[in-house]
Amino acid sequence: APAVRQPEAGGGHMGCALVAIVMIGAIANPGLAHLPVLYKAAGFGGFRVSLLISLAGAALTVGKCVYGRFADLMGARKSGLLFFGLLTAGQLLCCFAPVSGFPAAVAAMLLIGLGLPLSTVGLSVYAGELSPSPAEYGKTLKRFQIAYMAGSLLFGPMPGMLADATGSYVPAYVILCAFSAAA
């Protein structure tokens, strides 16, 4: 288990963290799962869509190692700001999928992939940072994992429902971009 640091005074940190993690769950699962239909609806061919999703997966694999190292070196707060910035930039580029072209889509996938370790490695980093004591690390991590899954489940149908209502997946990515910035 990572080193547990004493959280700053005030009980609001845990509540804010749980809300942020619900948003991360929405970004990481429904957001990632709907990327192929976002880009297919934007006019990209099947080969390009599959290449984009493969790039996101490769960037996520690399990003997990990079995020872990940055969290060790910079701490949870600074590394979180950096990686949330990457994730938000990637989500923002997705908002322009119908008009931005393939190079912007590649950039979006790389940024999202590099930012998404917040949804995996990040949960344990933040649990270590916000646990009231080392003995409560496991309990805190479990709460974070439940919040993450709640975000995944609550927002799972959201992109499709918005696409049915608006004719586009872009509004869902506008919301996911706002979630990323807020988280």
# chains A, B, ... in the order shown; residues from 1 in each chain; ligands from 1
$ select_by_dssp --residues "segment 81-158 of chain A" --states "alpha helix (DSSP H)" --output "NGL selection string"
:A and (81-94 or 97-100 or 102-115 or 121-130 or 137-155 or 158)
$ closest_residue --among "A:His13, A:Leu82, A:Tyr39, A:Ile21" --to "Lys142 of chain A" --atoms "only C-alpha atoms"
A:Ile21
$ residues_around --residues "Ser79 of chain A" --least-positions-apart "6" --cutoff "9 Å" --atoms "only C-alpha atoms" --output "list in words"
Tyr67, Gly68, Phe70, Ala71, Asp72 and Leu73 of chain A
$ write_last_selection --atoms "N, CA and C atoms" --output "short mmCIF file (atom, residue, chain, number, x, y, z; two decimals), in the first residue's frame"
data_model
loop_
_atom_site.label_atom_id
_atom_site.label_comp_id
_atom_site.auth_asym_id
_atom_site.auth_seq_id
_atom_site.Cartn_x
_atom_site.Cartn_y
_atom_site.Cartn_z
N TYR A 67 2.12 8.13 -14.68
CA TYR A 67 1.37 8.75 -13.58
C TYR A 67 1.90 8.28 -12.23
N GLY A 68 2.14 6.99 -12.09
CA GLY A 68 2.66 6.46 -10.83
C GLY A 68 3.98 7.12 -10.45
N PHE A 70 5.11 10.08 -11.53
CA PHE A 70 4.86 11.50 -11.22
C PHE A 70 4.24 11.66 -9.84
N ALA A 71 3.31 10.77 -9.48
CA ALA A 71 2.68 10.85 -8.17
C ALA A 71 3.72 10.65 -7.07
N ASP A 72 4.66 9.73 -7.29
CA ASP A 72 5.74 9.52 -6.32
C ASP A 72 6.63 10.75 -6.20
N LEU A 73 6.95 11.36 -7.33
CA LEU A 73 7.87 12.49 -7.33
C LEU A 73 7.22 13.81 -6.92
#
$ decode --residues "segment 108-124 of chain A" --atoms "N, CA, C and O atoms" --output "PDB file, in the first residue's frame"
ATOM      1  N   ALA A 108      -6.381  13.719 -29.232  1.00  0.00           N
ATOM      2  CA  ALA A 108      -7.395  13.467 -28.203  1.00  0.00           C
ATOM      3  C   ALA A 108      -7.189  12.103 -27.560  1.00  0.00           C
ATOM      4  O   ALA A 108      -7.238  11.975 -26.334  1.00  0.00           O
ATOM      5  N   MET A 109      -6.937  11.085 -28.374  1.00  0.00           N
ATOM      6  CA  MET A 109      -6.764   9.736 -27.842  1.00  0.00           C
ATOM      7  C   MET A 109      -5.516   9.639 -26.973  1.00  0.00           C
ATOM      8  O   MET A 109      -5.520   8.995 -25.920  1.00  0.00           O
ATOM      9  N   LEU A 110      -4.442  10.280 -27.407  1.00  0.00           N
ATOM     10  CA  LEU A 110      -3.211  10.244 -26.619  1.00  0.00           C
ATOM     11  C   LEU A 110      -3.391  10.971 -25.289  1.00  0.00           C
ATOM     12  O   LEU A 110      -2.966  10.477 -24.238  1.00  0.00           O
ATOM     13  N   LEU A 111      -4.051  12.104 -25.317  1.00  0.00           N
ATOM     14  CA  LEU A 111      -4.279  12.867 -24.087  1.00  0.00           C
ATOM     15  C   LEU A 111      -5.220  12.134 -23.136  1.00  0.00           C
ATOM     16  O   LEU A 111      -4.968  12.070 -21.918  1.00  0.00           O
ATOM     17  N   ILE A 112      -6.275  11.575 -23.683  1.00  0.00           N
ATOM     18  CA  ILE A 112      -7.200  10.817 -22.837  1.00  0.00           C
ATOM     19  C   ILE A 112      -6.503   9.605 -22.238  1.00  0.00           C
ATOM     20  O   ILE A 112      -6.619   9.326 -21.041  1.00  0.00           O
ATOM     21  N   GLY A 113      -5.780   8.873 -23.072  1.00  0.00           N
ATOM     22  CA  GLY A 113      -5.065   7.700 -22.573  1.00  0.00           C
ATOM     23  C   GLY A 113      -4.058   8.046 -21.490  1.00  0.00           C
ATOM     24  O   GLY A 113      -3.943   7.341 -20.486  1.00  0.00           O
ATOM     25  N   LEU A 114      -3.344   9.142 -21.656  1.00  0.00           N
ATOM     26  CA  LEU A 114      -2.375   9.552 -20.639  1.00  0.00           C
ATOM     27  C   LEU A 114      -3.066  10.058 -19.370  1.00  0.00           C
ATOM     28  O   LEU A 114      -2.519   9.928 -18.275  1.00  0.00           O
ATOM     29  N   GLY A 115      -4.256  10.632 -19.502  1.00  0.00           N
ATOM     30  CA  GLY A 115      -4.970  11.156 -18.342  1.00  0.00           C
ATOM     31  C   GLY A 115      -5.783  10.126 -17.578  1.00  0.00           C
ATOM     32  O   GLY A 115      -6.034  10.283 -16.381  1.00  0.00           O
ATOM     33  N   LEU A 116      -6.197   9.067 -18.242  1.00  0.00           N
ATOM     34  CA  LEU A 116      -7.078   8.089 -17.603  1.00  0.00           C
ATOM     35  C   LEU A 116      -6.471   7.260 -16.473  1.00  0.00           C
ATOM     36  O   LEU A 116      -7.223   6.646 -15.714  1.00  0.00           O
ATOM     37  N   PRO A 117      -5.163   7.212 -16.277  1.00  0.00           N
ATOM     38  CA  PRO A 117      -4.666   6.518 -15.087  1.00  0.00           C
ATOM     39  C   PRO A 117      -5.205   7.098 -13.776  1.00  0.00           C
ATOM     40  O   PRO A 117      -5.151   6.450 -12.742  1.00  0.00           O
ATOM     41  N   LEU A 118      -5.780   8.288 -13.835  1.00  0.00           N
ATOM     42  CA  LEU A 118      -6.452   8.832 -12.657  1.00  0.00           C
ATOM     43  C   LEU A 118      -7.576   7.912 -12.199  1.00  0.00           C
ATOM     44  O   LEU A 118      -7.922   7.883 -11.016  1.00  0.00           O
ATOM     45  N   SER A 119      -8.142   7.150 -13.133  1.00  0.00           N
ATOM     46  CA  SER A 119      -9.268   6.268 -12.808  1.00  0.00           C
ATOM     47  C   SER A 119      -8.815   4.919 -12.258  1.00  0.00           C
ATOM     48  O   SER A 119      -9.649   4.149 -11.775  1.00  0.00           O
ATOM     49  N   THR A 120      -7.549   4.618 -12.348  1.00  0.00           N
ATOM     50  CA  THR A 120      -7.050   3.326 -11.868  1.00  0.00           C
ATOM     51  C   THR A 120      -6.009   3.562 -10.779  1.00  0.00           C
ATOM     52  O   THR A 120      -6.313   3.469  -9.596  1.00  0.00           O
ATOM     53  N   VAL A 121      -4.821   3.904 -11.171  1.00  0.00           N
ATOM     54  CA  VAL A 121      -3.740   4.164 -10.222  1.00  0.00           C
ATOM     55  C   VAL A 121      -4.104   5.333  -9.306  1.00  0.00           C
ATOM     56  O   VAL A 121      -3.795   5.333  -8.119  1.00  0.00           O
ATOM     57  N   GLY A 122      -4.803   6.307  -9.860  1.00  0.00           N
ATOM     58  CA  GLY A 122      -5.162   7.500  -9.099  1.00  0.00           C
ATOM     59  C   GLY A 122      -6.011   7.210  -7.877  1.00  0.00           C
ATOM     60  O   GLY A 122      -5.884   7.882  -6.851  1.00  0.00           O
ATOM     61  N   LEU A 123      -6.887   6.207  -7.965  1.00  0.00           N
ATOM     62  CA  LEU A 123      -7.727   5.902  -6.810  1.00  0.00           C
ATOM     63  C   LEU A 123      -6.891   5.505  -5.601  1.00  0.00           C
ATOM     64  O   LEU A 123      -7.156   5.943  -4.482  1.00  0.00           O
ATOM     65  N   SER A 124      -5.870   4.695  -5.817  1.00  0.00           N
ATOM     66  CA  SER A 124      -5.027   4.294  -4.690  1.00  0.00           C
ATOM     67  C   SER A 124      -4.154   5.445  -4.208  1.00  0.00           C
ATOM     68  O   SER A 124      -3.899   5.584  -3.012  1.00  0.00           O
TER      69      SER A 124
END
